[in-house]
Structures are given as structure tokens and as C-alpha cells.
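Listing of work.txt, compact mmCIF, C-alpha atoms
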```
# COMPACT_ATOMS: atom_id res chain seq x y z
CA MET D 21 5.58 19.62 11.38
CA LYS D 22 5.00 16.23 13.05
CA ILE D 23 4.30 13.30 10.73
CA LEU D 24 3.15 9.79 11.58
CA LEU D 25 4.13 7.15 9.00
CA GLY D 26 2.38 3.78 8.86
CA HIS D 27 3.27 0.64 6.88
CA LYS D 28 2.75 -3.08 7.42
CA PHE D 29 6.45 -4.01 7.47
CA PHE D 30 9.29 -2.46 9.42
CA TYR D 31 12.02 -4.28 7.52
CA LEU D 32 12.96 -4.40 3.84
CA THR D 33 11.13 -6.86 1.61
CA GLY D 34 10.76 -4.78 -1.55
CA GLY D 35 10.19 -1.40 -3.15
CA ALA D 36 7.20 -0.38 -0.99
CA ASP D 37 9.21 -0.81 2.21
CA PHE D 38 12.11 1.14 0.72
CA PHE D 39 9.68 3.97 -0.15
CA PHE D 40 8.38 3.99 3.45
CA PHE D 41 11.82 4.12 5.07
CA GLU D 42 13.18 6.67 2.60
CA THR D 43 10.22 8.97 3.23
CA GLY D 44 10.99 8.88 6.95
CA ARG D 45 14.69 9.47 6.35
CA VAL D 46 14.10 12.52 4.17
CA LEU D 47 11.56 14.04 6.56
CA GLU D 48 13.93 13.59 9.50
CA ARG D 49 16.80 15.04 7.47
CA TYR D 50 14.78 18.22 6.98
CA GLY D 51 14.06 18.57 10.68
CA HIS D 52 10.59 17.04 11.07
CA LYS D 53 9.61 14.87 14.01
CA VAL D 54 8.55 11.48 12.64
CA ALA D 55 6.75 8.62 14.41
CA TYR D 56 6.21 5.14 12.98
CA PHE D 57 3.51 2.47 13.15
CA SER D 58 3.90 -1.09 11.89
CA THR D 59 3.74 -4.77 12.84
CA LEU D 60 5.97 -6.80 15.12
CA ASN D 61 8.60 -9.01 13.55
CA GLU D 62 12.01 -10.27 14.64
CA ARG D 63 13.54 -8.74 11.51
CA ASN D 64 12.31 -5.23 12.36
CA ARG D 65 14.64 -2.28 12.56
CA SER D 66 15.07 -0.69 15.97
CA CYS D 67 12.37 1.92 16.67
CA GLU D 68 11.33 3.90 19.73
CA TYR D 69 7.67 3.52 18.73
CA SER D 70 7.70 -0.29 18.55
CA LYS D 71 5.67 -0.49 21.77
CA TYR D 72 2.67 0.59 19.68
CA PHE D 73 3.25 -2.00 16.95
CA VAL D 74 0.76 -4.85 16.56
CA LYS D 75 1.11 -8.55 16.00
CA PRO D 76 0.11 -9.44 12.41
CA PRO D 77 -2.71 -11.96 11.90
CA GLU D 78 -1.79 -15.65 11.58
CA TYR D 79 -3.70 -16.46 8.42
CA ARG D 80 -1.24 -18.84 6.73
CA ASN D 81 -0.32 -21.37 9.42
CA GLY D 82 -1.49 -22.72 12.74
CA PRO D 83 -4.76 -24.19 14.03
CA ILE D 84 -7.73 -23.63 11.75
CA LEU D 85 -9.78 -21.90 14.48
CA ARG D 86 -7.05 -19.31 15.09
CA ARG D 87 -6.71 -18.72 11.36
CA VAL D 88 -10.46 -18.18 11.03
CA LEU D 89 -10.50 -15.78 13.99
CA ASP D 90 -7.48 -13.89 12.66
CA PHE D 91 -9.19 -13.49 9.29
CA SER D 92 -11.52 -10.94 10.88
CA LYS D 93 -8.43 -8.87 11.79
CA ILE D 94 -7.52 -8.70 8.10
CA ILE D 95 -10.83 -7.00 7.35
CA TYR D 96 -10.95 -4.77 10.43
CA SER D 97 -8.50 -5.05 13.32
CA GLY D 98 -9.77 -3.65 16.58
CA GLU D 99 -6.32 -4.13 18.14
CA ALA D 100 -4.59 -2.11 15.40
CA LYS D 101 -7.21 0.62 15.71
CA LYS D 102 -6.72 0.80 19.49
CA GLN D 103 -2.92 0.89 19.30
CA PHE D 104 -2.95 3.46 16.51
CA ALA D 105 -5.41 5.64 18.43
CA GLN D 106 -3.06 5.57 21.41
CA LEU D 107 -0.11 6.59 19.22
CA LEU D 108 -2.19 9.40 17.73
CA SER D 109 -3.06 10.61 21.22
CA ASP D 110 0.52 10.44 22.47
CA PHE D 111 2.32 11.80 19.40
CA LYS D 112 -0.34 14.26 18.13
CA PRO D 113 0.80 14.37 14.49
CA ASP D 114 -0.09 17.19 12.14
CA ILE D 115 -0.58 14.66 9.36
CA VAL D 116 -0.69 10.87 8.93
CA HIS D 117 1.02 9.36 5.89
CA LEU D 118 0.14 5.71 5.26
CA PHE D 119 1.61 3.21 2.82
CA ALA D 120 0.54 -0.46 2.60
CA ILE D 121 -1.71 -1.28 5.57
CA ASN D 122 -3.83 -4.09 4.14
CA ILE D 123 -3.95 -7.57 5.72
CA HIS D 124 -1.27 -7.10 8.38
CA ILE D 125 -2.72 -3.90 9.89
CA SER D 126 -6.08 -3.41 8.13
CA PRO D 127 -7.73 -0.05 7.31
CA SER D 128 -9.33 0.07 10.77
CA ILE D 129 -6.65 2.62 11.66
CA LEU D 130 -8.30 5.02 9.22
CA ASP D 131 -11.29 5.27 11.54
CA ALA D 132 -8.90 6.06 14.40
CA CYS D 133 -7.55 8.94 12.31
CA ARG D 134 -11.06 10.23 11.64
CA ASN D 135 -11.94 10.07 15.34
CA ALA D 136 -8.76 12.03 16.16
CA ASN D 137 -9.32 14.56 13.34
CA ALA D 138 -5.94 13.60 11.89
CA PRO D 139 -5.75 14.19 8.12
CA VAL D 140 -4.49 11.22 6.09
CA VAL D 141 -2.60 10.82 2.83
CA MET D 142 -1.85 7.38 1.42
CA SER D 143 0.89 6.33 -1.00
CA ASN D 144 -0.17 3.53 -3.34
CA ASN D 145 2.52 1.29 -4.82
CA ASP D 146 0.17 -1.46 -5.96
CA TYR D 147 -3.46 -1.78 -7.08
CA LYS D 148 -4.89 -3.17 -3.82
CA ILE D 149 -7.46 -0.38 -3.42
CA ILE D 150 -9.13 -1.50 -6.68
CA CYS D 151 -7.92 -5.10 -7.12
CA PRO D 152 -8.12 -7.85 -4.46
CA ASN D 153 -4.94 -9.54 -5.74
CA TYR D 154 -2.98 -6.25 -6.01
CA LYS D 155 -1.86 -6.70 -9.65
CA LEU D 156 -4.73 -6.41 -12.15
CA TYR D 157 -3.15 -9.58 -13.50
CA HIS D 158 -3.49 -13.33 -13.07
CA HIS D 159 -2.61 -16.57 -14.81
CA GLY D 160 -0.70 -14.94 -17.63
CA HIS D 161 -3.00 -12.08 -18.61
CA LEU D 162 -4.14 -8.61 -17.54
CA CYS D 163 -7.44 -8.50 -15.70
CA GLU D 164 -10.01 -5.87 -14.72
CA ASP D 165 -12.83 -8.28 -13.87
CA CYS D 166 -13.53 -6.64 -10.50
CA LYS D 167 -14.38 -3.29 -12.08
CA GLY D 168 -17.87 -2.19 -11.07
CA GLY D 169 -17.64 -3.84 -7.66
CA ARG D 170 -17.69 -7.42 -8.98
CA PHE D 171 -15.51 -8.69 -6.16
CA TYR D 172 -16.78 -12.26 -6.58
CA MET D 173 -14.54 -12.58 -9.63
CA PRO D 174 -11.38 -13.54 -7.67
CA ILE D 175 -13.24 -16.66 -6.55
CA ILE D 176 -14.12 -17.55 -10.13
CA ASN D 177 -10.61 -16.73 -11.36
CA LYS D 178 -8.83 -18.24 -8.33
CA CYS D 179 -6.49 -15.29 -8.78
CA CYS D 180 -5.21 -14.67 -5.25
CA GLN D 181 -2.08 -16.76 -4.80
CA ASN D 182 -3.79 -19.39 -6.99
CA SER D 183 -5.67 -20.51 -3.88
CA TRP D 184 -9.40 -20.92 -3.33
CA ALA D 185 -9.00 -19.99 0.35
CA PHE D 186 -7.05 -16.80 -0.35
CA SER D 187 -9.35 -15.87 -3.23
CA ILE D 188 -12.49 -16.26 -1.11
CA ALA D 189 -10.89 -14.32 1.75
CA SER D 190 -9.76 -11.54 -0.59
CA SER D 191 -13.25 -11.26 -2.10
CA LEU D 192 -14.84 -10.95 1.34
CA GLU D 193 -12.23 -8.38 2.34
CA ALA D 194 -12.91 -6.29 -0.78
CA TYR D 195 -16.70 -6.42 -0.29
CA ALA D 196 -16.39 -5.38 3.36
CA HIS D 197 -14.10 -2.44 2.64
CA ASN D 198 -16.28 -1.37 -0.29
CA ILE D 199 -19.45 -1.42 1.83
CA LEU D 200 -17.71 0.57 4.56
CA ASN D 201 -16.23 2.90 1.92
CA ILE D 202 -13.37 2.96 4.38
CA TYR D 203 -10.65 4.27 2.08
CA ARG D 204 -12.38 7.16 0.31
CA ARG D 205 -14.29 8.13 3.44
CA ASN D 206 -11.16 8.58 5.53
CA ILE D 207 -8.27 9.43 3.22
CA HIS D 208 -7.91 13.06 2.23
CA THR D 209 -5.46 12.55 -0.65
CA PHE D 210 -4.25 9.43 -2.48
CA LEU D 211 -0.66 9.61 -3.77
CA PHE D 212 0.50 7.93 -6.98
CA SER D 213 3.94 7.72 -8.55
CA SER D 214 2.68 7.02 -12.09
CA GLU D 215 -0.03 8.70 -14.13
CA PHE D 216 -1.01 5.23 -15.31
CA MET D 217 -2.03 4.11 -11.83
CA ALA D 218 -3.88 7.36 -11.12
CA ASN D 219 -5.84 7.00 -14.36
CA LYS D 220 -6.59 3.35 -13.67
CA VAL D 221 -8.07 4.21 -10.25
CA LYS D 222 -10.18 6.89 -11.96
CA GLU D 223 -11.53 4.23 -14.31
CA PHE D 224 -12.59 2.06 -11.38
CA TRP D 225 -13.84 4.70 -8.95
CA GLY D 226 -14.79 7.65 -11.11
CA ALA D 227 -12.68 10.71 -11.84
CA ASN D 228 -14.35 13.04 -9.36
CA THR D 229 -14.82 10.68 -6.43
CA PHE D 230 -11.44 11.11 -4.72
CA ARG D 231 -8.55 13.55 -4.35
CA TYR D 232 -5.11 12.58 -5.53
CA ALA D 233 -1.63 13.99 -6.12
CA MET D 234 1.46 12.77 -7.94
CA LEU D 235 4.55 11.96 -5.89
CA LYS D 236 7.51 10.19 -7.45
CA ASN D 237 9.13 7.62 -5.19
CA PRO D 238 12.35 8.64 -3.44
CA PHE D 239 15.56 7.24 -4.88
CA ASP D 240 19.21 7.82 -3.99
CA THR D 241 20.72 8.32 -7.44
CA PHE D 242 24.16 9.22 -6.16
CA SER D 243 24.65 5.88 -4.42
CA TYR D 244 25.12 4.39 -7.91
CA ASP D 245 28.27 4.80 -9.97
CA TYR D 246 27.74 6.12 -13.49
CA SER D 247 29.52 4.28 -16.28
CA GLU D 248 29.68 4.73 -20.04
CA LYS D 249 31.70 1.54 -20.39
CA TYR D 250 30.06 -1.60 -21.71
CA ASP D 251 30.84 -5.26 -22.17
CA ASP D 252 29.38 -7.85 -24.52
CA PHE D 253 26.04 -8.48 -22.76
CA CYS D 254 22.65 -6.97 -22.02
CA LEU D 255 21.00 -7.52 -18.66
CA TYR D 256 17.79 -8.57 -16.92
CA PHE D 257 17.64 -8.47 -13.13
CA GLY D 258 14.67 -9.15 -10.88
CA ARG D 259 12.31 -11.88 -9.76
CA LEU D 260 11.77 -14.87 -12.03
CA ILE D 261 7.97 -14.95 -11.94
CA ASP D 262 5.47 -15.15 -14.78
CA GLU D 263 4.33 -11.50 -14.77
CA LYS D 264 7.90 -10.31 -15.35
CA GLY D 265 7.82 -11.68 -18.91
CA VAL D 266 11.27 -13.30 -18.79
CA ASP D 267 9.96 -16.14 -20.98
CA ILE D 268 9.16 -13.57 -23.70
CA LEU D 269 12.70 -12.23 -23.35
CA ILE D 270 14.21 -15.70 -23.75
CA LYS D 271 12.08 -16.31 -26.84
CA ALA D 272 13.29 -12.97 -28.22
CA MET D 273 16.88 -14.15 -27.81
CA SER D 274 16.14 -17.07 -30.14
CA HIS D 275 15.65 -14.50 -32.93
CA LEU D 276 19.10 -12.98 -32.38
CA PRO D 277 22.59 -14.08 -33.39
CA SER D 278 24.68 -15.88 -30.78
CA SER D 279 26.97 -12.83 -30.51
CA VAL D 280 24.14 -10.96 -28.73
CA ARG D 281 24.40 -12.14 -25.13
CA LEU D 282 21.90 -11.89 -22.28
CA VAL D 283 22.69 -12.25 -18.58
CA ILE D 284 19.73 -13.02 -16.30
CA ILE D 285 20.16 -12.15 -12.61
CA GLY D 286 17.62 -13.29 -10.06
CA ASP D 287 15.69 -16.27 -8.81
CA GLY D 288 12.10 -17.27 -8.23
CA PRO D 289 9.45 -19.89 -8.96
CA GLN D 290 10.07 -19.78 -12.74
CA TRP D 291 13.77 -20.66 -12.45
CA ASN D 292 13.43 -24.27 -13.68
CA GLU D 293 10.82 -23.42 -16.30
CA LEU D 294 13.00 -20.68 -17.82
CA HIS D 295 16.08 -22.93 -17.82
CA THR D 296 14.07 -25.59 -19.62
CA LEU D 297 12.85 -23.06 -22.19
CA ALA D 298 16.38 -21.84 -22.91
CA ASP D 299 17.58 -25.45 -23.28
CA ARG D 300 14.69 -26.35 -25.56
CA LEU D 301 15.49 -23.38 -27.81
CA ASN D 302 19.17 -24.44 -27.70
CA LEU D 303 20.27 -20.95 -26.70
CA LYS D 304 23.97 -20.49 -26.12
CA ASN D 305 23.71 -16.73 -25.65
CA VAL D 306 21.66 -16.75 -22.41
CA GLU D 307 23.40 -16.99 -19.04
CA PHE D 308 21.58 -17.51 -15.73
CA ALA D 309 23.82 -15.86 -13.15
CA GLY D 310 21.57 -16.48 -10.12
CA PRO D 311 20.66 -13.91 -7.44
CA LYS D 312 23.22 -11.11 -7.10
CA TRP D 313 22.52 -7.94 -5.19
CA GLY D 314 24.45 -4.97 -3.80
CA LYS D 315 28.00 -4.69 -5.09
CA ASP D 316 27.71 -7.90 -7.11
CA LEU D 317 24.72 -6.54 -8.99
CA ASN D 318 26.36 -3.15 -9.48
CA SER D 319 29.36 -4.77 -11.14
CA TYR D 320 27.04 -6.24 -13.77
CA LEU D 321 25.14 -2.95 -14.17
CA MET D 322 28.37 -1.06 -14.72
CA ARG D 323 29.32 -3.37 -17.60
CA ALA D 324 25.94 -3.99 -19.27
CA ARG D 325 25.15 -2.38 -22.61
CA PHE D 326 21.53 -1.86 -21.59
CA VAL D 327 18.86 -3.36 -19.33
CA ILE D 328 15.62 -5.08 -20.37
CA VAL D 329 12.38 -4.81 -18.34
CA PRO D 330 9.98 -7.18 -20.14
CA SER D 331 7.01 -7.08 -17.73
CA ILE D 332 3.69 -8.32 -19.05
CA TRP D 333 1.70 -6.79 -16.18
CA ASN D 334 1.13 -3.10 -15.44
CA GLU D 335 4.11 -2.37 -13.25
CA ASN D 336 3.59 0.89 -11.43
CA PHE D 337 7.07 2.26 -10.81
CA PRO D 338 9.84 -0.33 -11.27
CA TYR D 339 12.91 0.51 -9.20
CA VAL D 340 15.02 -1.58 -11.59
CA ILE D 341 14.57 1.18 -14.16
CA LEU D 342 15.83 3.86 -11.79
CA GLN D 343 18.78 1.64 -10.81
CA SER D 344 19.62 1.18 -14.48
CA PHE D 345 19.30 4.87 -15.26
CA ALA D 346 21.46 5.82 -12.28
CA SER D 347 24.17 3.51 -13.63
CA GLY D 348 23.98 5.19 -17.03
CA LYS D 349 22.18 2.34 -18.77
CA PRO D 350 19.17 2.78 -21.06
CA VAL D 351 16.20 0.45 -20.70
CA ILE D 352 14.26 -1.57 -23.24
CA GLY D 353 10.84 -1.87 -21.62
CA SER D 354 7.38 -3.14 -22.38
CA LYS D 355 4.51 -0.74 -23.03
CA HIS D 356 2.85 -1.46 -19.69
CA GLY D 357 1.92 0.51 -16.59
CA GLY D 358 4.35 3.24 -15.59
CA ILE D 359 7.24 1.90 -17.69
CA PRO D 360 6.61 4.16 -20.73
CA GLU D 361 6.50 7.26 -18.48
CA LEU D 362 10.00 6.52 -17.23
CA VAL D 363 11.61 5.27 -20.44
CA GLN D 364 10.13 7.76 -22.93
CA ASP D 365 10.58 5.80 -26.17
CA GLY D 366 13.71 6.94 -28.02
CA GLU D 367 14.93 9.13 -25.14
CA ARG D 368 16.10 6.89 -22.30
CA GLY D 369 15.51 3.60 -24.04
CA LEU D 370 13.07 1.81 -26.32
CA LEU D 371 9.55 0.40 -25.91
CA TYR D 372 7.86 -2.62 -27.47
CA PRO D 373 4.52 -4.52 -27.21
CA SER D 374 4.94 -6.80 -24.22
CA THR D 375 3.90 -10.13 -25.75
CA ASP D 376 5.81 -9.78 -29.05
CA PRO D 377 9.24 -11.47 -28.80
CA GLU D 378 10.16 -10.51 -32.39
CA LYS D 379 9.65 -6.80 -31.75
CA LEU D 380 11.61 -7.12 -28.52
CA ALA D 381 14.39 -8.81 -30.51
CA ASN D 382 14.36 -5.91 -32.97
CA CYS D 383 14.83 -3.41 -30.12
CA ILE D 384 17.67 -5.45 -28.66
CA GLN D 385 19.37 -5.71 -32.06
CA GLN D 386 18.93 -1.99 -32.64
CA LEU D 387 20.73 -0.96 -29.45
CA TRP D 388 23.28 -3.76 -29.70
CA ASN D 389 24.33 -2.60 -33.16
CA ALA D 390 24.54 1.04 -32.07
CA PRO D 391 26.47 1.10 -28.78
CA GLU D 392 27.13 4.82 -29.12
CA LYS D 393 23.35 5.36 -29.21
CA ALA D 394 22.95 3.26 -26.07
CA VAL D 395 25.64 5.32 -24.31
CA ALA D 396 23.91 8.57 -25.32
CA MET D 397 20.57 7.30 -24.03
CA GLY D 398 22.25 6.18 -20.82
CA LYS D 399 23.70 9.64 -20.36
CA LYS D 400 20.22 11.17 -20.70
CA ALA D 401 18.88 8.58 -18.28
CA ARG D 402 21.45 9.47 -15.63
CA SER D 403 20.75 13.18 -16.06
CA TYR D 404 17.02 12.49 -15.71
CA VAL D 405 17.31 10.67 -12.38
CA GLU D 406 19.81 13.20 -11.04
CA ASN D 407 17.33 16.01 -11.69
CA GLU D 408 14.10 14.23 -10.79
CA PHE D 409 15.13 11.88 -7.99
CA ASN D 410 17.03 13.60 -5.21
CA ASP D 411 16.19 14.41 -1.61
CA GLU D 412 15.53 18.10 -2.24
CA ARG D 413 13.12 17.46 -5.12
CA PHE D 414 11.27 14.70 -3.25
CA TYR D 415 11.02 16.71 -0.05
CA GLN D 416 9.66 19.79 -1.78
CA SER D 417 6.99 17.75 -3.57
CA LEU D 418 6.04 15.94 -0.36
CA ILE D 419 5.88 19.02 1.85
CA ASP D 420 3.79 20.88 -0.77
CA ILE D 421 1.29 18.01 -0.65
CA TYR D 422 1.21 18.05 3.16
CA LYS D 423 0.69 21.82 3.23
CA GLY D 424 -2.08 21.53 0.66
CA VAL D 425 -3.88 18.95 2.81
CA LEU D 426 -3.49 20.99 5.99
CA SER D 427 -4.79 24.14 4.33
```
What's the C-alpha cells form of this structure?
Amino acid sequence: MKILLGHKFFYLTGGADFFFFETGRVLERYGHKVAYFSTLNERNRSCEYSKYFVKPPEYRNGPILRRVLDFSKIIYSGEAKKQFAQLLSDFKPDIVHLFAINIHISPSILDACRNANAPVVMSNNDYKIICPNYKLYHHGHLCEDCKGGRFYMPIINKCCQNSWAFSIASSLEAYAHNILNIYRRNIHTFLFSSEFMANKVKEFWGANTFRYAMLKNPFDTFSYDYSEKYDDFCLYFGRLIDEKGVDILIKAMSHLPSSVRLVIIGDGPQWNELHTLADRLNLKNVEFAGPKWGKDLNSYLMRARFVIVPSIWNENFPYVILQSFASGKPVIGSKHGGIPELVQDGERGLLYPSTDPEKLANCIQQLWNAPEKAVAMGKKARSYVENEFNDERFYQSLIDIYKGVLS
């Protein structure tokens, strides 16, 4: 089977890019011929199909006229459609599997697929198909204001990068794609990694208006060392941005004795604000360790008692949870998005209401005082990811979906 994979980045920036590259790796491992389509960037990995890649629109910087002209490419890029059509003609895939194509590529390539009679599946790692700002969240609270096609709401809420320009552009983009019905008209099957996201799309679009299938994201469990050892700290790692709820976590620490220690790994726009909050609460049990990834991060994971994922937005499928589980660490997570599906309250960790620091503190205290319980949960967590997240399991699920589409 020949598969064409498309995604807006051909280098790693986050979980969606990892999903894209891992899907290609697994398909190639099992003997399939895989072609790729993306955008040009000096950070790109080497690829024999880069001659088909397109230049992304310049919508952030440069002369205002060029930015205005490039905005039209965000809505519908004729260049991307032409290049993709050529790749379809040359490669002749059995199936096209797309990931994030918005802004940098645009969904114009979906019309190229229709013209070439190439069936399409699309993996969705964010809420872009129903929410102009991707997150169903802005300015500190969850939001579904665009439900019912009210795509003028981003302008009122100024919810896209907190910018009037981006919010207006995102509203126009959403209206255009909705009028064209370009996603549902051209995509055979939408793929979701969490039941939460699938159900949320049903709420916006209607349960019987699109086909979908569940596909858990690929993850290399065995690249992480399992450890039942623990030191005298619990751990947060990730971006320091408002939707991650790290401020709630710091407030929770103020309800705990100084012997309960928290290490925060990461950086981001909330760095100074969170430092100030910890200082104001006079917390001596919170350490900001800065950004640490790879082996440096793994050394902390190996020694942590448990990991906390305090998101206050509906995270779809946080990789930090899988990383924690693979290291044998249970997770205390908020009751948002796909987090409860992974954690399973009382099995592989504990859950709490996202905006309640006292209940979060109670969960932390509970696992801190019962390290043997944390170890047992961590053992279950490792077993879970070993069984559910391996190449064979992912490949079988993926190929069953492809065969179902082709039949």
C-alpha cells in the first residue's frame, strides 16, 4: 500500500509533528511506500519529496501588502493545491493521510485529492476544525462561543493570539472553510485519539454528519527507563502558559507542608508571573528548575514520586502523561479533555477539578503519604503503555482504518 502523509511542518515543534513522523516511521517499518508533503523551512529533515513542498505564507512579518496577499493563501492556497496535485499524479497513493494543514498549507489540497479520487483520512490533534483558535479556551476560561457557526466571536473575544488582526483573520478563515464545507466534503474519515475530542466535534457538527475512527497516537514506550525508585519531590514538566494551570498547582502547594516538594521543569511566558506568585505565597517547597529535556528530563522523571498535569483547558492527548507512565510514574491530572481517559482515577493516578487548588493539594498529600500506592499505580501505568502504545498495536489499528476506507 502506498500512503501520502501531509503536515505543515517537517521538523519537530511539538506533539503533532512527532505523531506525523512516527506514523511515517511505522508505515515504512512495515514495508509500505510513504511519500511526504509539507512546507519549506531551513530546519526541515532531509526528504526526497521536498521538491514538492511549498513556501508557507508570510503573515507575521514583512511589508503589509505582501502580508495581505499571503492571507488569501491561508484560506485557500492555489500553489499548495497545484504542488499537491503534482505529487498525487507522480506518486499515485492508495490513501492520503493528513495531519495539521491549516494556515501554512491550507485545505486547498483536499480539493486536489477529490479531483484525483484519492481517499483522505485526517488526524486531529487540536480543535481547529471547530474552533478558530484551536483550543476551545481563551483568557483563562473554556469557550464554545463559535458553536452554531458563530465565527464572529473570535473578534469579540480577541481570542486568537490576543490580537485583533489574528482574530479577524481567523474568523474570516473559519467562515470561508465553513461555506465551502471543505473538510467534511473531502475527508472520508476523521481520526481522534481521545473520545472527548470526538464527542466535542459531534456536539459542534452533529453526530451523523461525518465519519470518524479512534486512533491512539504512536509512542515509543521502550525508549523510557522504568523506575520504582523515588526521591523527595513531585514533578511538573511542560510549557509555562496560562492554560497549563501551573498557577493552580503553585496555590495548591501553599496548602501543603514544606516537606512536600515540587519541581517545575519548563519555561514560557508565565515564568516571571509564576515566580512572583511563589514568592508572594512564601513557598520554600517549590523549585523552578528551568527547561530540561532528553536525558536531563529523564533523570528527574526517574526520581519523581509522581507527575502532576494541572491543565485548565481540554487537552486532547498530553504526551507528558505517556512519558510519565512509561517511566513508571502515576499522574495527578485535572478532569479535562482526554486526561481522565488516560489516567483512570484510582488506577494510574488521581483526578481533581481543575480550578480547585485545595482538592489538588489533597490528591498530592494522598499520594505523598502513600509512596507504595504511587509505586503500584506507576507499575500499572507502565503496563498500560507497554500494551497499548507499541508499533505493532498502532500499525494494526492504522492499517485497519486504511482498509476500511479503501473498501
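Among the candidates D:Tyr96, D:Phe29, D:Tyr172, D:Phe257, the one nearest to Gly288 (chain D) when counting only C-alpha atoms is D:Phe257.
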Which residues are close to region 60-74 of chain D, i.e. within 12 Å by all atoms listed in the file, leaving aside same-chain residues fewer than 3 positions away? Reply as a PyMOL selection string.
chain D and resi 24-33+37+41+54-57+77+93+97-111+121+124-126+129
Write the selection just made, keeping C-alpha atoms, as a compact mmCIF listing (two decimals), in the coordinates of the input?
```txt
# COMPACT_ATOMS: atom_id res chain seq x y z
CA LEU D 24 3.15 9.79 11.58
CA LEU D 25 4.13 7.15 9.00
CA GLY D 26 2.38 3.78 8.86
CA HIS D 27 3.27 0.64 6.88
CA LYS D 28 2.75 -3.08 7.42
CA PHE D 29 6.45 -4.01 7.47
CA PHE D 30 9.29 -2.46 9.42
CA TYR D 31 12.02 -4.28 7.52
CA LEU D 32 12.96 -4.40 3.84
CA THR D 33 11.13 -6.86 1.61
CA ASP D 37 9.21 -0.81 2.21
CA PHE D 41 11.82 4.12 5.07
CA VAL D 54 8.55 11.48 12.64
CA ALA D 55 6.75 8.62 14.41
CA TYR D 56 6.21 5.14 12.98
CA PHE D 57 3.51 2.47 13.15
CA PRO D 77 -2.71 -11.96 11.90
CA LYS D 93 -8.43 -8.87 11.79
CA SER D 97 -8.50 -5.05 13.32
CA GLY D 98 -9.77 -3.65 16.58
CA GLU D 99 -6.32 -4.13 18.14
CA ALA D 100 -4.59 -2.11 15.40
CA LYS D 101 -7.21 0.62 15.71
CA LYS D 102 -6.72 0.80 19.49
CA GLN D 103 -2.92 0.89 19.30
CA PHE D 104 -2.95 3.46 16.51
CA ALA D 105 -5.41 5.64 18.43
CA GLN D 106 -3.06 5.57 21.41
CA LEU D 107 -0.11 6.59 19.22
CA LEU D 108 -2.19 9.40 17.73
CA SER D 109 -3.06 10.61 21.22
CA ASP D 110 0.52 10.44 22.47
CA PHE D 111 2.32 11.80 19.40
CA ILE D 121 -1.71 -1.28 5.57
CA HIS D 124 -1.27 -7.10 8.38
CA ILE D 125 -2.72 -3.90 9.89
CA SER D 126 -6.08 -3.41 8.13
CA ILE D 129 -6.65 2.62 11.66
```
Would you mind listing what lies within 7 Å of Gly398 (chain D) as a ChimeraX atom specification, with all atoms listed in the file counted and same-chain residues fewer than 5 positions away left out?
/D:345,348-350,368
Best match for closeness to Tyr244 (chain D) among D:Ala298, D:Val405, D:Ile261, D:Ala396, counting all atoms listed in the file:
D:Val405
Taking 5 positions as the minimum chain separation for residues in the same chain, which residues sit within 10 Å of Tyr157 (chain D) when counting all atoms listed in the file? Answer as a PyMOL selection string.
chain D and resi 151+162-165+179-180+263+332-334
Hey, what's within 10 Å of region 276-285 of chain D if we count all atoms listed in the file and toss same-chain stuff fewer than 4 positions away? As number ranges by chain, please?
D: 251-260, 266, 269-272, 303-313, 317, 320, 324, 327-328, 378, 381-382, 384-385, 388-389
I'd like the interatomic distance between CA of Val329 (chain D) and CA of Gly286 (chain D), to a tenth of an Å.
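Result for CA of Val329 (chain D) versus CA of Gly286 (chain D): 13.0 Å, one decimal.
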If you count all atoms listed in the file, the residue of D:Asn198, D:Ser347, D:Asn237, D:Asn177 closest to Ala36 (chain D) turns out to be D:Asn237
